[in-house]
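Colleague: Please find protein14.txt (compact mmCIF, C-alpha atoms) on the next line:
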```txt
# COMPACT_ATOMS: atom_id res chain seq x y z
CA MET A 16 -88.98 0.52 4.87
CA ALA A 17 -90.74 3.52 3.43
CA ASP A 18 -94.29 3.14 2.26
CA PRO A 19 -94.40 3.64 -1.55
CA GLU A 20 -97.86 5.13 -1.38
CA SER A 21 -96.69 7.90 1.01
CA ASN A 22 -93.82 8.96 -1.27
CA PRO A 23 -95.00 11.44 -3.98
CA THR A 24 -91.79 11.05 -5.99
CA THR A 25 -92.21 9.03 -9.20
CA VAL A 26 -89.59 7.64 -11.56
CA GLU A 27 -90.14 7.82 -15.35
CA GLU A 28 -88.45 5.56 -17.85
CA THR A 29 -86.20 7.37 -20.35
CA ASP A 30 -86.44 6.65 -24.07
CA PRO A 31 -82.95 6.96 -25.58
CA ASP A 32 -84.45 8.00 -29.00
CA VAL A 33 -86.20 11.09 -27.59
CA GLU A 34 -84.22 14.28 -27.05
CA GLU A 35 -84.73 15.82 -23.65
CA VAL A 36 -85.75 19.51 -23.60
CA ASP A 37 -85.80 21.76 -20.61
CA GLU A 38 -89.32 23.16 -21.12
CA GLU A 39 -89.19 25.55 -18.18
CA GLU A 40 -85.96 27.19 -19.41
CA GLU A 41 -87.34 27.50 -22.95
CA GLU A 42 -90.53 29.12 -21.73
CA ASP A 43 -88.55 31.62 -19.67
CA ASP A 44 -86.32 32.58 -22.62
CA VAL A 45 -88.86 32.65 -25.49
CA PRO A 46 -92.52 33.54 -24.94
CA PRO A 47 -95.03 31.23 -26.70
CA ASN A 48 -96.28 33.98 -28.98
CA GLN A 49 -92.76 34.71 -30.24
CA THR A 50 -92.21 31.02 -30.92
CA ALA A 51 -95.36 31.02 -33.06
CA LEU A 52 -94.23 34.16 -34.88
CA GLY A 53 -90.87 32.60 -35.60
CA LEU A 54 -92.51 29.50 -37.03
CA THR A 55 -94.82 31.64 -39.18
CA SER A 56 -91.87 33.66 -40.46
CA GLN A 57 -90.06 30.49 -41.50
CA LEU A 58 -93.13 29.18 -43.29
CA MET A 59 -93.67 32.46 -45.17
CA GLN A 60 -90.11 32.27 -46.47
CA ASN A 61 -90.79 28.87 -48.01
CA PRO A 62 -91.64 29.34 -51.74
CA GLN A 63 -93.80 26.21 -51.83
CA VAL A 64 -95.88 27.41 -48.88
CA LEU A 65 -96.31 30.84 -50.48
CA ALA A 66 -97.35 29.29 -53.78
CA ALA A 67 -99.91 27.10 -52.01
CA LEU A 68 -101.33 30.10 -50.13
CA GLN A 69 -101.51 32.17 -53.33
CA SER A 70 -103.32 29.36 -55.12
CA ARG A 71 -105.77 29.11 -52.25
CA MET A 72 -106.36 32.88 -52.20
CA ASP A 73 -106.91 32.95 -55.98
CA GLY A 74 -109.65 30.37 -55.51
CA ILE A 75 -111.31 32.43 -52.79
CA VAL A 76 -111.37 35.76 -54.67
CA GLY A 77 -114.77 36.36 -56.22
CA THR A 78 -116.29 33.27 -54.63
CA PRO A 79 -119.70 33.98 -53.05
CA SER A 80 -119.76 33.39 -49.32
CA GLY A 81 -123.29 32.03 -49.47
CA TYR A 82 -124.57 34.67 -47.07
CA ILE A 83 -126.53 36.62 -49.69
CA GLN A 84 -128.11 33.45 -51.06
CA SER A 85 -129.24 32.45 -47.59
CA LEU A 86 -131.13 35.71 -46.95
CA PRO A 87 -134.97 35.72 -46.98
CA LYS A 88 -136.78 36.87 -50.12
CA SER A 89 -137.94 40.04 -48.40
CA VAL A 90 -134.31 41.06 -47.71
CA LYS A 91 -133.23 40.19 -51.25
CA ARG A 92 -136.05 42.39 -52.52
CA ARG A 93 -134.64 45.33 -50.54
CA ILE A 94 -131.16 44.67 -51.94
CA LYS A 95 -132.61 44.97 -55.45
CA ALA A 96 -134.01 48.37 -54.45
CA LEU A 97 -130.52 49.44 -53.32
CA LYS A 98 -129.03 48.32 -56.62
CA LYS A 99 -131.54 50.41 -58.52
CA LEU A 100 -130.58 53.40 -56.38
CA GLN A 101 -126.94 52.64 -57.16
CA PHE A 102 -127.72 52.65 -60.88
CA ASP A 103 -129.48 56.02 -60.57
CA SER A 104 -126.43 57.31 -58.70
CA SER A 105 -124.17 56.18 -61.56
CA LYS A 106 -126.28 58.11 -64.06
CA ILE A 107 -125.93 61.27 -61.96
CA GLU A 108 -122.18 60.66 -61.86
CA GLY A 109 -122.19 60.35 -65.64
CA ASP A 110 -123.96 63.72 -65.95
CA PHE A 111 -121.35 65.21 -63.62
CA TYR A 112 -118.48 64.05 -65.85
CA LYS A 113 -120.25 65.37 -68.95
CA GLU A 114 -120.36 68.82 -67.38
CA VAL A 115 -116.72 68.49 -66.38
CA HIS A 116 -115.89 67.75 -70.03
CA GLU A 117 -117.85 70.78 -71.20
CA LEU A 118 -115.95 72.91 -68.68
CA GLU A 119 -112.70 71.44 -69.99
CA CYS A 120 -113.72 72.36 -73.53
CA LYS A 121 -114.45 75.91 -72.39
CA TYR A 122 -111.07 76.39 -70.73
CA ALA A 123 -109.21 74.72 -73.60
CA THR A 124 -109.78 77.85 -75.67
CA LYS A 125 -107.89 79.90 -73.07
CA TYR A 126 -104.75 77.80 -73.64
CA ILE A 127 -104.78 78.26 -77.43
CA PRO A 128 -102.86 81.62 -77.53
CA LEU A 129 -100.17 80.21 -75.21
CA PHE A 130 -99.73 77.02 -77.21
CA GLU A 131 -99.63 78.94 -80.50
CA LYS A 132 -96.85 81.15 -79.15
CA ARG A 133 -95.01 78.04 -77.91
CA SER A 134 -95.22 76.59 -81.42
CA LYS A 135 -93.81 79.77 -82.97
CA VAL A 136 -90.87 79.80 -80.55
CA VAL A 137 -90.16 76.10 -81.20
CA THR A 138 -90.25 76.48 -84.99
CA GLY A 139 -88.36 79.78 -85.01
CA GLY A 140 -91.30 81.83 -86.21
CA VAL A 141 -90.88 84.22 -83.28
CA GLU A 142 -87.81 85.23 -81.28
CA PRO A 143 -88.81 85.68 -77.61
CA THR A 144 -88.14 89.07 -76.04
CA ASP A 145 -86.02 89.64 -72.93
CA ASP A 146 -89.24 89.96 -70.96
CA ASP A 147 -90.44 86.61 -72.35
CA CYS A 148 -87.17 84.98 -71.22
CA ASP A 149 -87.30 86.43 -67.70
CA TRP A 150 -87.29 83.08 -65.92
CA PRO A 151 -84.76 81.77 -63.36
CA SER A 152 -82.19 79.30 -64.66
CA ASP A 153 -79.93 77.05 -62.58
CA GLU A 154 -77.10 77.48 -65.10
CA GLU A 155 -77.31 81.27 -64.95
CA LYS A 156 -77.19 81.19 -61.14
CA GLU A 157 -73.98 79.13 -61.29
CA ASP A 158 -72.45 81.58 -63.82
CA GLU A 159 -73.29 84.52 -61.53
CA LYS A 160 -71.62 82.80 -58.56
CA VAL A 161 -68.45 82.14 -60.58
CA ALA A 162 -68.34 85.74 -61.85
CA GLN A 163 -68.83 87.11 -58.33
CA LEU A 164 -66.03 84.92 -56.96
CA SER A 165 -63.75 86.00 -59.79
CA ASP A 166 -64.37 89.69 -59.01
CA GLU A 167 -63.55 89.14 -55.35
CA VAL A 168 -60.25 87.48 -56.26
CA LYS A 169 -59.33 90.36 -58.56
CA ASN A 170 -60.11 92.97 -55.92
CA LYS A 171 -57.86 91.21 -53.39
CA ALA A 172 -54.95 90.89 -55.83
CA LYS A 173 -52.17 93.42 -55.26
CA ILE A 174 -49.57 94.61 -57.68
CA GLY A 175 -46.09 94.13 -56.27
CA ASP A 176 -44.22 97.01 -57.86
CA ALA A 177 -44.39 99.59 -60.59
CA GLU A 178 -42.35 97.52 -63.03
CA LYS A 179 -44.89 94.70 -62.84
CA ALA A 180 -47.69 97.19 -63.45
CA ASP A 181 -45.89 98.61 -66.51
CA SER A 182 -45.34 95.09 -67.82
CA GLU A 183 -49.02 94.27 -67.45
CA ASP A 184 -50.04 97.51 -69.19
CA LYS A 185 -47.75 96.62 -72.08
CA GLU A 186 -49.30 93.16 -72.37
CA LYS A 187 -52.79 94.63 -72.31
CA LYS A 188 -51.95 97.01 -75.16
CA GLU A 189 -50.64 94.13 -77.23
CA ASP A 190 -53.74 92.08 -76.50
CA ASN A 191 -55.99 95.01 -77.50
CA GLU A 192 -54.14 95.40 -80.78
CA GLU A 193 -54.58 91.70 -81.53
CA LYS A 194 -58.29 91.86 -80.67
CA SER A 195 -58.82 94.91 -82.87
CA ASN A 196 -57.43 92.96 -85.82
CA GLU A 197 -59.73 90.02 -85.15
CA LYS A 198 -63.20 89.75 -86.66
CA PRO A 199 -66.05 90.37 -84.18
CA LYS A 200 -67.35 87.14 -82.70
CA THR A 201 -71.02 86.32 -83.11
CA ASP A 202 -73.23 84.60 -80.53
CA GLU A 203 -72.66 80.85 -80.71
CA GLY A 204 -75.69 79.15 -82.23
CA ALA A 205 -77.21 82.41 -83.44
CA ASP A 206 -77.92 80.77 -86.79
CA VAL A 207 -79.90 77.93 -85.13
CA LYS A 208 -83.59 78.29 -85.80
CA GLY A 209 -86.10 77.75 -82.96
CA ILE A 210 -85.52 74.66 -80.78
CA PRO A 211 -84.27 71.78 -82.95
CA SER A 212 -85.77 68.30 -82.47
CA PHE A 213 -88.13 69.61 -79.80
CA TRP A 214 -90.98 67.10 -80.17
CA LEU A 215 -88.66 64.20 -81.03
CA THR A 216 -86.81 64.84 -77.76
CA VAL A 217 -90.09 65.06 -75.85
CA PHE A 218 -91.25 61.70 -77.22
CA LYS A 219 -87.90 59.99 -76.65
CA ASN A 220 -87.90 61.14 -73.02
CA VAL A 221 -91.16 59.25 -72.36
CA ASP A 222 -90.70 55.49 -72.07
CA MET A 223 -94.01 54.42 -73.61
CA LEU A 224 -93.34 56.60 -76.68
CA SER A 225 -89.60 55.98 -77.02
CA GLU A 226 -90.34 52.25 -77.32
CA MET A 227 -92.42 53.03 -80.41
CA ILE A 228 -89.79 55.20 -82.11
CA GLN A 229 -87.40 53.40 -84.47
CA ASP A 230 -84.23 54.79 -86.03
CA HIS A 231 -86.01 55.29 -89.35
CA ASP A 232 -88.73 57.35 -87.60
CA GLU A 233 -86.40 60.01 -86.19
CA PRO A 234 -85.66 61.92 -89.44
CA ILE A 235 -89.42 62.17 -90.02
CA LEU A 236 -90.24 63.28 -86.47
CA ASN A 237 -87.66 66.05 -86.80
CA HIS A 238 -90.20 67.67 -89.14
CA LEU A 239 -92.92 67.61 -86.45
CA GLN A 240 -93.72 71.21 -85.56
CA ASP A 241 -96.60 70.96 -83.11
CA VAL A 242 -98.96 68.60 -81.30
CA LYS A 243 -102.42 69.86 -80.34
CA VAL A 244 -105.51 68.56 -78.58
CA LYS A 245 -108.99 69.43 -79.80
CA PHE A 246 -111.89 68.42 -77.56
CA LEU A 247 -115.11 67.08 -79.00
CA SER A 248 -118.21 68.50 -77.37
CA GLY A 249 -121.89 67.75 -77.77
CA GLU A 250 -123.35 64.28 -78.20
CA GLU A 251 -120.02 62.60 -78.98
CA MET A 252 -117.56 63.01 -76.15
CA GLY A 253 -113.83 62.69 -76.87
CA PHE A 254 -110.76 64.44 -78.26
CA THR A 255 -108.56 64.59 -81.36
CA LEU A 256 -104.75 64.68 -81.35
CA GLU A 257 -103.32 66.76 -84.19
CA PHE A 258 -99.72 66.30 -85.33
CA GLN A 259 -98.59 69.18 -87.54
CA PHE A 260 -95.62 68.59 -89.87
CA GLU A 261 -93.67 70.89 -92.12
CA SER A 262 -93.24 69.88 -95.76
CA ASN A 263 -90.94 66.89 -96.03
CA LYS A 264 -89.78 64.19 -98.43
CA PHE A 265 -91.51 61.33 -96.61
CA PHE A 266 -95.24 62.04 -96.99
CA ASN A 267 -97.48 64.68 -98.52
CA ASN A 268 -99.62 65.26 -95.40
CA THR A 269 -98.95 68.28 -93.22
CA LEU A 270 -101.52 67.14 -90.63
CA LEU A 271 -101.94 63.68 -89.09
CA THR A 272 -104.82 63.04 -86.69
CA LYS A 273 -105.96 60.47 -84.14
CA THR A 274 -109.48 60.72 -82.68
CA TYR A 275 -110.56 59.06 -79.44
CA THR A 276 -114.21 58.53 -78.54
CA MET A 277 -115.15 58.38 -74.88
CA ARG A 278 -118.14 57.11 -72.93
CA SER A 279 -119.36 59.00 -69.89
CA GLU A 280 -122.31 56.90 -68.81
CA PRO A 281 -122.79 53.44 -67.31
CA ASP A 282 -122.56 50.51 -69.70
CA GLU A 283 -125.94 48.81 -69.93
CA ALA A 284 -124.29 45.38 -69.94
CA ASP A 285 -122.25 46.15 -66.79
CA PRO A 286 -123.59 49.34 -65.19
CA PHE A 287 -121.88 48.92 -61.81
CA SER A 288 -118.38 48.91 -63.34
CA PHE A 289 -118.70 52.63 -64.16
CA GLU A 290 -115.88 54.66 -62.62
CA GLY A 291 -115.92 57.73 -64.86
CA PRO A 292 -115.30 58.50 -68.55
CA GLU A 293 -113.32 55.92 -70.49
CA ILE A 294 -112.03 55.66 -74.04
CA ILE A 295 -114.04 53.11 -76.01
CA LYS A 296 -112.64 53.45 -79.54
CA CYS A 297 -110.22 55.40 -81.69
CA LYS A 298 -109.69 56.26 -85.35
CA GLY A 299 -106.47 57.18 -87.13
CA CYS A 300 -105.85 58.69 -90.55
CA GLU A 301 -104.35 57.65 -93.86
CA ILE A 302 -100.77 58.75 -94.46
CA ASP A 303 -100.01 59.72 -98.08
CA TRP A 304 -96.51 58.28 -98.27
CA VAL A 305 -94.10 59.30 -100.99
CA LYS A 306 -93.13 56.27 -103.08
CA GLY A 307 -90.34 54.33 -101.41
CA GLN A 308 -90.55 56.29 -98.13
CA ASN A 309 -93.21 54.30 -96.23
CA VAL A 310 -91.47 53.21 -93.01
CA THR A 311 -94.47 51.25 -91.73
CA VAL A 312 -93.88 48.41 -94.20
CA LYS A 313 -90.86 46.47 -95.37
CA THR A 314 -90.13 44.05 -98.17
CA VAL A 315 -88.84 40.59 -97.33
CA LYS A 316 -87.70 37.76 -99.57
CA LYS A 317 -88.64 34.19 -98.79
CA LYS A 318 -87.48 30.96 -100.36
CA GLN A 319 -90.10 28.29 -101.05
CA LYS A 320 -89.30 24.69 -101.85
CA HIS A 321 -91.63 22.58 -103.98
CA LYS A 322 -92.50 19.35 -102.16
CA GLY A 323 -92.72 17.18 -105.26
CA ARG A 324 -90.07 18.50 -107.66
CA GLY A 325 -87.67 19.76 -104.97
CA THR A 326 -87.14 23.06 -106.81
CA THR A 327 -86.94 26.36 -104.94
CA ARG A 328 -88.22 29.79 -105.77
CA THR A 329 -87.81 33.21 -104.16
CA ILE A 330 -90.89 35.35 -103.54
CA THR A 331 -91.06 38.97 -102.39
CA LYS A 332 -93.56 39.87 -99.70
CA THR A 333 -94.55 43.16 -98.05
CA VAL A 334 -95.05 42.95 -94.27
CA GLN A 335 -95.68 45.42 -91.48
CA ASN A 336 -92.62 47.14 -90.06
CA ASP A 337 -92.19 48.49 -86.54
CA SER A 338 -92.70 52.26 -86.60
CA PHE A 339 -94.09 55.12 -84.56
CA PHE A 340 -96.39 55.89 -87.47
CA ASN A 341 -98.34 52.67 -86.94
CA PHE A 342 -99.95 54.77 -84.19
CA PHE A 343 -102.16 56.28 -86.92
CA SER A 344 -103.47 52.85 -88.00
CA PRO A 345 -105.00 51.46 -84.79
CA PRO A 346 -106.94 48.17 -84.64
CA GLN A 347 -110.69 48.50 -84.88
CA VAL A 348 -112.88 47.75 -81.87
CA PRO A 349 -115.36 44.96 -82.81
CA GLU A 350 -119.03 45.78 -82.28
CA ASP A 351 -119.48 42.51 -80.44
CA GLU A 352 -117.10 42.55 -77.46
CA SER A 353 -117.17 38.75 -77.33
CA GLU A 354 -115.14 38.76 -80.55
CA MET A 355 -112.28 40.60 -78.86
CA ASP A 356 -109.38 38.30 -77.99
CA GLU A 357 -106.68 38.98 -75.38
CA ASP A 358 -104.12 40.24 -77.91
CA LEU A 359 -106.52 42.76 -79.43
CA GLU A 360 -107.66 43.89 -76.00
CA ALA A 361 -104.03 44.45 -74.94
CA LEU A 362 -103.27 46.44 -78.12
CA LEU A 363 -106.31 48.68 -77.65
CA ALA A 364 -105.56 49.22 -73.95
CA ALA A 365 -102.00 50.30 -74.79
CA ASP A 366 -103.24 52.59 -77.56
CA PHE A 367 -105.84 54.21 -75.29
CA GLU A 368 -103.21 54.72 -72.60
CA ILE A 369 -100.82 56.45 -75.02
CA GLY A 370 -103.54 58.72 -76.39
CA HIS A 371 -104.67 59.70 -72.92
CA PHE A 372 -101.07 60.38 -71.84
CA ILE A 373 -100.36 62.64 -74.82
CA ARG A 374 -103.56 64.59 -74.21
CA GLU A 375 -103.34 64.80 -70.41
CA ARG A 376 -99.63 65.37 -69.83
CA ILE A 377 -97.40 65.79 -72.87
CA VAL A 378 -99.27 68.53 -74.72
CA PRO A 379 -99.91 70.71 -71.63
CA ARG A 380 -96.34 70.27 -70.24
CA ALA A 381 -94.23 69.74 -73.35
CA VAL A 382 -91.26 71.88 -72.27
CA LEU A 383 -90.97 69.99 -68.97
CA TYR A 384 -90.78 66.67 -70.83
CA PHE A 385 -88.22 68.23 -73.19
CA THR A 386 -85.98 69.17 -70.23
CA GLY A 387 -86.84 65.99 -68.31
CA GLU A 388 -88.22 67.86 -65.29
CA ALA A 389 -91.65 66.23 -65.63
CA LEU A 390 -90.29 62.67 -65.58
CA GLU A 391 -89.68 62.55 -61.81
CA ASN A 392 -93.25 63.63 -61.13
CA ASP A 393 -94.52 60.92 -63.49
CA ASP A 394 -92.53 58.27 -61.61
CA ASP A 395 -94.15 59.32 -58.34
CA PHE A 396 -97.59 59.33 -59.98
CA ASP A 397 -97.12 55.84 -61.44
CA GLU A 398 -96.08 54.38 -58.09
CA GLU A 399 -99.15 55.82 -56.40
CA GLU A 400 -101.33 54.64 -59.26
CA GLU A 401 -100.06 51.05 -58.95
CA GLU A 402 -100.99 51.05 -55.29
CA THR A 403 -104.53 52.32 -55.81
CA ALA A 404 -105.51 51.05 -59.26
CA GLY A 405 -107.97 48.22 -59.66
CA GLY A 406 -110.04 46.90 -62.54
CA LYS A 407 -109.75 49.04 -65.66
CA PRO A 408 -106.54 51.00 -66.28
CA GLU A 409 -106.63 54.51 -64.82
CA GLU A 410 -104.94 55.82 -67.95
CA CYS A 411 -108.09 55.09 -69.92
CA LYS A 412 -110.19 57.30 -67.69
CA GLN A 413 -110.58 61.03 -67.54
CA GLN A 414 -110.65 62.02 -63.89
```
Kindly present the structure from the file in structure tokens form.

Modeller:
Amino acid sequence: MADPESNPTTVEETDPDVEEVDEEEEEDDVPPNQTALGLTSQLMQNPQVLAALQSRMDGIVGTPSGYIQSLPKSVKRRIKALKKLQFDSSKIEGDFYKEVHELECKYATKYIPLFEKRSKVVTGGVEPTDDDCDWPSDEEKEDEKVAQLSDEVKNKAKIGDAEKADSEDKEKKEDNEEKSNEKPKTDEGADVKGIPSFWLTVFKNVDMLSEMIQDHDEPILNHLQDVKVKFLSGEEMGFTLEFQFESNKFFNNTLLTKTYTMRSEPDEADPFSFEGPEIIKCKGCEIDWVKGQNVTVKTVKKKQKHKGRGTTRTITKTVQNDSFFNFFSPPQVPEDESEMDEDLEALLAADFEIGHFIRERIVPRAVLYFTGEALENDDDFDEEEEETAGGKPEECKQQ
């Protein structure tokens, strides 16, 4: 009989409720780290797990780690010295942006002759010369290719016999006689003045502006002749947008303005949030509407029922109407920022963004927004901006 103590083999009892797994085979096929990665991948695809992680991360953001509070007073004192240096650095940065603005004002005068000529071409005040129009066009290149191909085909064509040639000559003579009897054709569109609907097309090609434009705005915007930017220099930093209209039946103004005031120095209440000049307020203008033509308001009729007597009455009320021209009646920024609610803050942020966009991109590159060529570049810019932006909207800053 074999001695049980000398036999190293042991027998384990098998639980029928436990599934047997060949651990050695599993380890050979799938490394431990890949198994962990697979488990992590499955967890990250679970919406409940992702929501729990996001909630946890939201709680962590902005929460002090406790490290700074645990430092000795002598170290905290040095940190205060660094913050003061940071504040001095922000003031120097503010001075830098002020000089940049002054330089921008200086160079703005150099663009004036070009923009004035653009306005005259758009409105039909000046017909550009051949030299002015010497710019490559994709359509003209295609026409040249077609004409060249047509000439090659004609050169390769051969006349079969003399009778065919005589027949063709006869047809040509008849065609010439018919053409001589016809009235001379004029250039198609020669009676069109300037570039019709230029600024309306520009605005409708830009999403943030097209959303503002209603059907009743379009006939008015067809009278818009020019949009200009005038920079404010000196103590008050900012710019004014000028919208020049021809005489029309809608309002008596020929000039509508919107002025934006900017700050180029650290805010005393929050000096370390300074990231460059930002728009802090804006002011529109009063539109002198012709009676019955004000598209920014509408009249509505409401029925009211008396609680006691049960009788009803109809009242007429004037309310605000959606219109592009509400742009010239912006909400006022309260002196006390604590009085600003989320809705007002959102309205002002959108207004500042639109004003900055008109000044920074539309006015300098109007023809490219008219043709749509500038839109692709804007899409690329917006994607990059979304990746890098943080805190205050970049559109409200002059970089």

Colleague: Just the residues within 8 Å of Phe287 in chain A, please, counting only C-alpha atoms, with nothing from its chain fewer than 6 positions along; format it as a PDB file with C-alpha atoms, in the frame of the given file.

Modeller:
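Result file is part-v1.pdb:
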```
ATOM      1  CA  GLN A 101    -126.940  52.640 -57.160  1.00  0.00           C
ATOM      2  CA  PHE A 102    -127.720  52.650 -60.880  1.00  0.00           C
ATOM      3  CA  SER A 105    -124.170  56.180 -61.560  1.00  0.00           C
ATOM      4  CA  PRO A 281    -122.790  53.440 -67.310  1.00  0.00           C
TER       5      PRO A 281
END
```

Colleague: Determine, for each residue of range 257-319 of chain A having at least one atom at most 12 Å from an atom of range 114-127 of chain A, the closest pair of atoms and their separation in Å to one decimal, counting only C-alpha atoms; order by chain and ascending number, as CSV.

Modeller:
```
residue,atom,partner,partner_atom,distance
A:Met277,CA,A:His116,CA,10.6
A:Arg278,CA,A:His116,CA,11.3
A:Ser279,CA,A:His116,CA,9.4
A:Gly291,CA,A:Val115,CA,10.9
A:Pro292,CA,A:His116,CA,9.4
```

Colleague: Pick from A:Asn341, A:Val315, A:Lys113, A:Ala96: nearest to Thr329 in chain A, with all atoms listed in the file counted?

Modeller: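 Smallest distance to Thr329 in chain A is found for A:Val315.
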
Colleague: Give me, as a ChimeraX atom specification, all polymer residues having an atom no more than 12 Å from Pro379 in chain A, counting only C-alpha atoms and skipping those fewer than 5 positions away in the same chain.

Modeller: /A:123,126-127,129-130,133,241-244,372-374,384,389

Colleague: Pick from A:Pro234, A:Gly323, A:Gly209, A:Pro87: nearest to Val137 in chain A, with all atoms listed in the file counted?

Modeller: A:Gly209

Colleague: Counting only C-alpha atoms, which of A:Val378, A:Val305, A:Leu383, A:Met227 gets nearest to Asn336 in chain A?

Modeller: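 Ranked by minimum distance to Asn336 in chain A, first place goes to A:Met227.
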
Colleague: Can you pull out every residue within 7 Å of Met252 in chain A, counting only C-alpha atoms, but drop anything in the same chain fewer than 2 positions away, and send it as number ranges by chain?

Modeller: A: 247-250, 276-278

Colleague: Compare A:Asn309, A:Asn237, A:Ser288, A:Thr269 by their minimum atom-to-atom distance to Gln335 in chain A, counting only C-alpha atoms, and give me the closest one.

Modeller: A:Asn309

Colleague: For Ala205 in chain A, which residue among A:Phe218, A:Lys88, A:Glu142, A:Gly325 is the nearest when counting only C-alpha atoms?

Modeller: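 Using only C-alpha atoms, the shortest distance to Ala205 in chain A belongs to A:Glu142.
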
Colleague: Using Å and a single decimal, report how far CA of Cys148 in chain A sits from CA of Val136 in chain A.

Modeller: 11.3 Å

Colleague: Using only C-alpha atoms, which protein or nucleic acid residues come within 12 Å of Ile369 in chain A? Drop anything in the same chain fewer than 5 positions from it, and give the result as an mmCIF file with C-alpha atoms, keeping the file's coordinate frame.

Modeller:
```
data_model
loop_
_atom_site.group_PDB
_atom_site.id
_atom_site.type_symbol
_atom_site.label_atom_id
_atom_site.label_comp_id
_atom_site.auth_asym_id
_atom_site.auth_seq_id
_atom_site.Cartn_x
_atom_site.Cartn_y
_atom_site.Cartn_z
ATOM 1 C CA PHE A 218 -91.250 61.700 -77.220
ATOM 2 C CA VAL A 221 -91.160 59.250 -72.360
ATOM 3 C CA ASP A 222 -90.700 55.490 -72.070
ATOM 4 C CA MET A 223 -94.010 54.420 -73.610
ATOM 5 C CA LEU A 224 -93.340 56.600 -76.680
ATOM 6 C CA SER A 225 -89.600 55.980 -77.020
ATOM 7 C CA GLU A 226 -90.340 52.250 -77.320
ATOM 8 C CA MET A 227 -92.420 53.030 -80.410
ATOM 9 C CA LEU A 256 -104.750 64.680 -81.350
ATOM 10 C CA LYS A 273 -105.960 60.470 -84.140
ATOM 11 C CA TYR A 275 -110.560 59.060 -79.440
ATOM 12 C CA ILE A 294 -112.030 55.660 -74.040
ATOM 13 C CA CYS A 297 -110.220 55.400 -81.690
ATOM 14 C CA PHE A 339 -94.090 55.120 -84.560
ATOM 15 C CA PHE A 342 -99.950 54.770 -84.190
ATOM 16 C CA PHE A 343 -102.160 56.280 -86.920
ATOM 17 C CA PRO A 345 -105.000 51.460 -84.790
ATOM 18 C CA LEU A 362 -103.270 46.440 -78.120
ATOM 19 C CA LEU A 363 -106.310 48.680 -77.650
ATOM 20 C CA ALA A 364 -105.560 49.220 -73.950
ATOM 21 C CA ARG A 374 -103.560 64.590 -74.210
ATOM 22 C CA GLU A 375 -103.340 64.800 -70.410
ATOM 23 C CA ARG A 376 -99.630 65.370 -69.830
ATOM 24 C CA ILE A 377 -97.400 65.790 -72.870
ATOM 25 C CA PRO A 408 -106.540 51.000 -66.280
ATOM 26 C CA GLU A 409 -106.630 54.510 -64.820
ATOM 27 C CA GLU A 410 -104.940 55.820 -67.950
ATOM 28 C CA CYS A 411 -108.090 55.090 -69.920
ATOM 29 C CA LYS A 412 -110.190 57.300 -67.690
#
```

Colleague: May I ask for the distance between CA of Glu352 in chain A and CA of Lys245 in chain A, given in Å to one decimal place?

Modeller: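 So the answer is 28.2 Å.
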
Colleague: How many Å separate CA of Phe260 in chain A from CA of Arg380 in chain A?

Modeller: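 Computing the Euclidean distance for CA of Phe260 in chain A and CA of Arg380 in chain A yields 19.7 Å.
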